[in-house]
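One structure below.
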Number of protein chains: 2
Amino acid sequence: MDKDQRILLGHGGGGKMTGALIREVILPRLDRGKLRALPDSVVLSGLGEKIAYTTDSFTVSPIFFPGGDIGSLSVHGTCNDLACSGARPVFLSLGLILEEGLPVDDLRRVLESMAGAAQEAGVEIVTGDTKVVPKGSADLIFINTSGIGRVETQTELGPERITEGDEVLVTGPVGNHGMAVMLSRADFSFDFDLLSDSASVWPVVERLLELGPELKFLRDPTRGGLAATLNEIAASSGKGLVVEESAIPMDPSVVAASEILGIDPLQAANEGKMVAVVGKGHGKQALELLSGCLLATGASIIGEFRPSGPSGVVMKTRIGGARVLAEPSGELLPRIC
Amino acid sequence: MDKDQRILLGHGGGGKMTGALIREVILPRLDRGKLRALPDSVVLSGLGEKIAYTTDSFTVSPIFFPGGDIGSLSVHGTCNDLACSGARPVFLSLGLILEEGLPVDDLRRVLESMAGAAQEAGVEIVTGDTKVVPKGSADLIFINTSGIGRVETQTELGPERITEGDEVLVTGPVGNHGMAVMLSRADFSFDFDLLSDSASVWPVVERLLELGPELKFLRDPTRGGLAATLNEIAASSGKGLVVEESAIPMDPSVVAASEILGIDPLQAANEGKMVAVVGKGHGKQALELLSGCLLATGASIIGEFRPSGPSGVVMKTRIGGARVLAEPSGELLPRIC
């Protein structure tokens, strides 16, 4: 297919044109052996007894942003959801919804980015599907990835395992992905030097698994940011959570961007961080396990579960006060992932 | 949520509104135990050694059509892709992309239809994701389902197993889904009494598996219809295929609709049929195995692989001639599934 070609409705028809799109554009970038035969489903062996399974759709706008694009994001997001179950990401599926008129060259860039992200994350894209919808019925490209992982933790992670005194960590500075995407939508004449943190954080989780049963729960703070995730954990555990504002790591560029955009960085999505709940007194050990791990640079203990009090999240502010860290209510940052 | 409410961007923001949508609209209709905890990924046990894995996105327009809707279709389509690997469908994931302004009541209907289809097919929807995009960035609702199945065939199915003399069956009349959807787009004042054949055909495949190694290959003739599927099989097996036009089962209503719409029913999608390749002389045995199976009513041996000649599909016509049954080239029937 030519360099300047655009996606046509015929590329989704299931005939010759679909075949050409798959053979000439998709397979050369993604096939590592299993996609080639284009079976309706792929047969997988050797996953062992316990597998983790997840799905995520990606509709981020713009599809290219500082530090990533919808392709790498769709690999990282799903790998990270598997990692939340203590599972090593192994296989991904790929569902493409393309808008008629999408430049084929943009599709190539997205697929190459996916391939790179998959290789780096150690996962294989093994089955896929491509649909094309008429111009105006989608926005350039939507990607769904589902994923299968091999569970590598002996003790299942879950909010029901959280008890009073447990400590809460975040594995690095927050808000970068959300801010980078929002900045790329705005039309600023100056440079913030702010990149999305989009990455597969399985290597971080693998280290945390060495805590054994003292690792209680993992969640990646994506849509709704750290604020949404902390509230979800508090709600699902039925415990109160107290966090220290000053302990929450944040890049100066995120703080600056948040002031200009008027967006709370605690509500901005992250795509390469984990929130981890560990047993009382084990936060320091967790930080030691993470030391030297580039993907966990800036990891910090940010709070703990309290013995009593209402469930919900209370934040001790820098100036010595305390406020409820509310759950974001609605759509402050549409199409952030 | 109220009966007349519409989907707002805030329902996709990952905050309170997303939580309300999931708890009030989605979980009551789909949760059978595993979805409730809303983990990032779900841990599954007991799948055994060999699993099949697939993904499919559904963008059908209109979302409700005679004989089905996008919800039931998204269950059937993925179950059938698993069945093509000789795998019993077990688990599904659900990725929803909703357009701002979608009536919540339409979403409820779609989810109830999914739940019914999943129950009938014996699968459980175990993990999910919901995104909302601004009005005009999608068309009402797109659904991705991925699926995991348990492989129940000893001999792996594949086009490389096809040899000369092998017989080709289709498990019932063709063209119904494509014609039903196209008719529902047109505005006819008369009634064709034509329903989509949308169904999970695992029960049909389960019977065919009794052929053992004499079952060589399975594919469901969806987009591009029987014509596309037969050409794919011929191309991937490297063999020539001769089919008898008079042996291809077709409902009279499909024939009538095809004449009015000007659409070749052999290029119209099916969502409840299988094309099966069986060993030479085993077609009759296959039909006997299928007898009494409602989902395989009208099954027929339609052709065989020839000892020599160019690869491709030749159709012996009713009037005694022969023509190449060409692969559909482009998008005759956009958004049919």
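Residues are referred to by chain and number: the chain letter is A, B, ... according to the order shown in the structure tokens, the number counts from 1 in that chain, and ligands are numbered separately from 1 in the order shown.
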Taking only residues of chain B that have an atom at most 7 Å from an atom of chain A, what is each one's shortest atom pair and its distance in Å to one decimal, using only C-alpha atoms, in chain and number order, as a tab-separated table?
```
residue	atom	partner	partner_atom	distance
B:Leu9	CA	A:Glu331	CA	5.7
B:Gly10	CA	A:Glu331	CA	3.8
B:His11	CA	A:Gly330	CA	6.6
B:Gly12	CA	A:Glu331	CA	6.6
B:Gly13	CA	A:Glu331	CA	4.3
B:Gly14	CA	A:Gly224	CA	5.1
B:Gly15	CA	A:Pro328	CA	4.9
B:Lys16	CA	A:Ser329	CA	4.6
B:Met17	CA	A:Gly330	CA	5.6
B:Asp40	CA	A:Asp81	CA	4.8
B:Ser41	CA	A:Thr54	CA	4.4
B:Val42	CA	A:Tyr53	CA	5.2
B:Val43	CA	A:Ala52	CA	4.2
B:Leu44	CA	A:Ile51	CA	5.3
B:Ser45	CA	A:Lys50	CA	4.8
B:Gly46	CA	A:Glu49	CA	6.3
B:Gly48	CA	A:Glu49	CA	6.8
B:Glu49	CA	A:Ser45	CA	6.0
B:Lys50	CA	A:Ser45	CA	4.8
B:Ile51	CA	A:Leu44	CA	5.2
B:Ala52	CA	A:Val43	CA	4.2
B:Tyr53	CA	A:Val42	CA	5.2
B:Thr54	CA	A:Ser41	CA	4.4
B:Thr55	CA	A:Gly128	CA	5.9
B:Asp56	CA	A:Asp129	CA	5.4
B:Ser57	CA	A:Gly95	CA	6.0
B:Asp81	CA	A:Asp40	CA	4.8
B:Leu82	CA	A:Ser41	CA	5.5
B:Cys84	CA	A:Asp40	CA	6.3
B:Ser85	CA	A:Ser41	CA	6.2
B:Ser93	CA	A:Thr55	CA	6.2
B:Leu94	CA	A:Thr55	CA	6.9
B:Gly95	CA	A:Ser57	CA	6.0
B:Thr127	CA	A:Thr54	CA	5.7
B:Gly128	CA	A:Thr55	CA	5.9
B:Asp129	CA	A:Asp56	CA	5.4
B:Lys131	CA	A:Ser57	CA	6.9
B:Val133	CA	A:Arg335	CA	6.6
B:Gly136	CA	A:Gly136	CA	6.4
B:Ser137	CA	A:Ala138	CA	4.7
B:Ala138	CA	A:Ala138	CA	4.2
B:Asp139	CA	A:Ser137	CA	5.0
B:Asn144	CA	A:Asn144	CA	6.9
B:Ser146	CA	A:Ser146	CA	6.6
B:Arg223	CA	A:Gly14	CA	5.0
B:Gly224	CA	A:Gly14	CA	5.0
B:Ala228	CA	A:Gly15	CA	6.1
B:Glu327	CA	A:Gly15	CA	6.2
B:Pro328	CA	A:Gly15	CA	4.9
B:Ser329	CA	A:Lys16	CA	4.6
B:Gly330	CA	A:Gly10	CA	4.1
B:Glu331	CA	A:Gly10	CA	3.9
B:Leu332	CA	A:Gly13	CA	6.9
B:Leu333	CA	A:Gly13	CA	6.9
B:Pro334	CA	A:Gly13	CA	6.5
B:Arg335	CA	A:Val133	CA	6.6
```
DSSP helix (DSSP H, G or I) selection over range 72-218 of chain A, as a PyMOL selection string: chain A and resi 72-83+104-121+159-161+176-185+202-214
Close residues, Pro213 in chain A itself excluded, 9 Å, only C-alpha atoms, min 6 positions apart in chain, as a CSV table (one decimal) with C-alpha atoms, in the first residue's frame:
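To be explicit, this is the file written out as result36.csv:
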```
chain,number,residue,atom,x,y,z
A,153,THR,CA,1.8,-14.6,43.2
A,154,GLN,CA,1.0,-17.3,45.7
A,155,THR,CA,-1.4,-15.2,47.7
A,156,GLU,CA,-4.2,-13.6,45.6
A,157,LEU,CA,-4.2,-9.8,45.8
A,278,VAL,CA,1.6,-3.4,51.8
A,279,GLY,CA,1.5,-4.8,55.3
```
Spatial neighbours of range 101-107 of chain A, max dist 8 Å, only C-alpha atoms, sep filter under 4 positions, as a PyMOL selection string: chain A and resi 3-8+111+135+140-141
Which of A:Leu290, A:Val170, A:Ala117, A:Leu261 sits closest to Leu208 in chain A [using only C-alpha atoms]: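 Looking at the shortest contact to Leu208 in chain A, the residue is A:Leu290.
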Nearest to Gly68 in chain B by atom-to-atom distance, counting only C-alpha atoms, from B:Leu211, B:Val25, B:Leu195, B:Ile125: B:Leu195
Members of range 130-172 of chain B assigned strand (DSSP E or B) by DSSP, as an NGL selection string: :B and (130-133 or 141-151 or 167-170)
Restricting it to C-alpha atoms, dump the selection as an mmCIF file, in the first residue's frame.
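To be explicit, this is the file written out as out_15.cif:
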```cif
data_model
loop_
_atom_site.group_PDB
_atom_site.id
_atom_site.type_symbol
_atom_site.label_atom_id
_atom_site.label_comp_id
_atom_site.auth_asym_id
_atom_site.auth_seq_id
_atom_site.Cartn_x
_atom_site.Cartn_y
_atom_site.Cartn_z
ATOM 1 C CA THR B 130 -16.181 1.088 29.457
ATOM 2 C CA LYS B 131 -15.149 4.164 27.522
ATOM 3 C CA VAL B 132 -17.277 7.144 26.498
ATOM 4 C CA VAL B 133 -16.359 9.349 23.536
ATOM 5 C CA ILE B 141 -22.090 1.793 20.608
ATOM 6 C CA PHE B 142 -19.107 -0.312 19.565
ATOM 7 C CA ILE B 143 -18.418 -3.577 21.389
ATOM 8 C CA ASN B 144 -15.238 -5.598 21.565
ATOM 9 C CA THR B 145 -15.397 -9.072 23.004
ATOM 10 C CA SER B 146 -12.392 -11.291 23.406
ATOM 11 C CA GLY B 147 -12.834 -14.902 24.382
ATOM 12 C CA ILE B 148 -11.049 -17.855 25.944
ATOM 13 C CA GLY B 149 -12.083 -21.410 25.201
ATOM 14 C CA ARG B 150 -11.011 -24.896 26.205
ATOM 15 C CA VAL B 151 -9.687 -26.856 23.226
ATOM 16 C CA GLU B 167 -15.402 -32.606 1.362
ATOM 17 C CA VAL B 168 -16.792 -29.199 2.276
ATOM 18 C CA LEU B 169 -19.972 -28.715 4.283
ATOM 19 C CA VAL B 170 -21.945 -25.693 5.298
#
```
Atom-to-atom span, CA of Leu215 in chain B and CA of Ala247 in chain B, Å: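 Atom-to-atom, CA of Leu215 in chain B to CA of Ala247 in chain B, that is 20.2 Å.
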Coordinates-based distance that separates CA of Met274 in chain B from CA of Gly298 in chain B (Å, one decimal):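 Computing it gives 12.0 Å between the two atoms.
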Interatomic distance, CA of Leu209 in chain A to CA of Ser113 in chain A (Å, one decimal):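 Going from CA of Leu209 in chain A over to CA of Ser113 in chain A, I get 28.7 Å.
Nearest residue to Val204 in chain B, choosing from B:Leu226, B:Ala256, B:Ala121, B:Val174 and counting only C-alpha atoms: B:Ala121.
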Within 12 Å of Cys293 in chain B using only C-alpha atoms, minus same-chain residues under 2 positions, as number ranges by chain: B: 171-172, 201-208, 286-291, 295-299
Writer output for current selection, N, CA and C atoms, as an mmCIF file, in the first residue's frame:
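The file below, out12.cif, is the result:
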```cif
data_model
loop_
_atom_site.group_PDB
_atom_site.id
_atom_site.type_symbol
_atom_site.label_atom_id
_atom_site.label_comp_id
_atom_site.auth_asym_id
_atom_site.auth_seq_id
_atom_site.Cartn_x
_atom_site.Cartn_y
_atom_site.Cartn_z
ATOM 1 N N THR B 171 -23.195 -25.579 7.389
ATOM 2 C CA THR B 171 -24.098 -26.169 8.381
ATOM 3 C C THR B 171 -25.528 -25.645 8.308
ATOM 4 N N GLY B 172 -25.856 -24.883 7.242
ATOM 5 C CA GLY B 172 -27.236 -24.419 7.074
ATOM 6 C C GLY B 172 -27.301 -23.332 6.026
ATOM 7 N N VAL B 201 -22.562 -21.451 17.648
ATOM 8 C CA VAL B 201 -22.674 -22.765 16.994
ATOM 9 C C VAL B 201 -21.773 -23.821 17.631
ATOM 10 N N TRP B 202 -21.329 -23.580 18.865
ATOM 11 C CA TRP B 202 -20.526 -24.609 19.530
ATOM 12 C C TRP B 202 -21.233 -25.966 19.561
ATOM 13 N N PRO B 203 -22.560 -26.017 19.821
ATOM 14 C CA PRO B 203 -23.219 -27.335 19.828
ATOM 15 C C PRO B 203 -23.072 -28.076 18.495
ATOM 16 N N VAL B 204 -23.027 -27.316 17.398
ATOM 17 C CA VAL B 204 -22.827 -27.931 16.083
ATOM 18 C C VAL B 204 -21.395 -28.475 15.976
ATOM 19 N N VAL B 205 -20.451 -27.650 16.410
ATOM 20 C CA VAL B 205 -19.038 -28.050 16.333
ATOM 21 C C VAL B 205 -18.768 -29.260 17.223
ATOM 22 N N GLU B 206 -19.390 -29.268 18.392
ATOM 23 C CA GLU B 206 -19.191 -30.383 19.320
ATOM 24 C C GLU B 206 -19.559 -31.713 18.648
ATOM 25 N N ARG B 207 -20.632 -31.705 17.875
ATOM 26 C CA ARG B 207 -21.001 -32.938 17.154
ATOM 27 C C ARG B 207 -19.974 -33.286 16.078
ATOM 28 N N LEU B 208 -19.509 -32.251 15.372
ATOM 29 C CA LEU B 208 -18.540 -32.518 14.298
ATOM 30 C C LEU B 208 -17.215 -33.054 14.845
ATOM 31 N N ALA B 286 -20.743 -36.782 8.626
ATOM 32 C CA ALA B 286 -20.888 -35.482 9.285
ATOM 33 C C ALA B 286 -22.357 -35.061 9.306
ATOM 34 N N LEU B 287 -23.035 -35.232 8.181
ATOM 35 C CA LEU B 287 -24.455 -34.861 8.132
ATOM 36 C C LEU B 287 -25.273 -35.709 9.101
ATOM 37 N N GLU B 288 -24.890 -36.971 9.243
ATOM 38 C CA GLU B 288 -25.609 -37.827 10.203
ATOM 39 C C GLU B 288 -25.397 -37.340 11.637
ATOM 40 N N LEU B 289 -24.165 -36.942 11.941
ATOM 41 C CA LEU B 289 -23.884 -36.415 13.286
ATOM 42 C C LEU B 289 -24.710 -35.144 13.558
ATOM 43 N N LEU B 290 -24.973 -34.384 12.509
ATOM 44 C CA LEU B 290 -25.691 -33.114 12.681
ATOM 45 C C LEU B 290 -27.208 -33.284 12.647
ATOM 46 N N SER B 291 -27.670 -34.483 12.274
ATOM 47 C CA SER B 291 -29.121 -34.641 12.125
ATOM 48 C C SER B 291 -29.790 -34.486 13.487
ATOM 49 N N LEU B 295 -29.609 -26.178 15.248
ATOM 50 C CA LEU B 295 -28.710 -25.138 14.733
ATOM 51 C C LEU B 295 -28.057 -25.541 13.413
ATOM 52 N N ALA B 296 -28.209 -26.804 13.028
ATOM 53 C CA ALA B 296 -27.596 -27.262 11.777
ATOM 54 C C ALA B 296 -28.652 -27.701 10.766
ATOM 55 N N THR B 297 -29.872 -27.209 10.946
ATOM 56 C CA THR B 297 -30.939 -27.544 10.000
ATOM 57 C C THR B 297 -30.559 -27.054 8.603
ATOM 58 N N GLY B 298 -30.647 -27.943 7.642
ATOM 59 C CA GLY B 298 -30.317 -27.555 6.271
ATOM 60 C C GLY B 298 -28.846 -27.719 5.931
ATOM 61 N N ALA B 299 -28.077 -28.351 6.827
ATOM 62 C CA ALA B 299 -26.653 -28.582 6.533
ATOM 63 C C ALA B 299 -26.511 -29.354 5.232
#
```
Residue nearest Glu271 in chain B among B:Leu98, B:Val242, B:Leu21, B:Leu73 (counting only C-alpha atoms):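 Nearest to Glu271 in chain B: B:Leu73.
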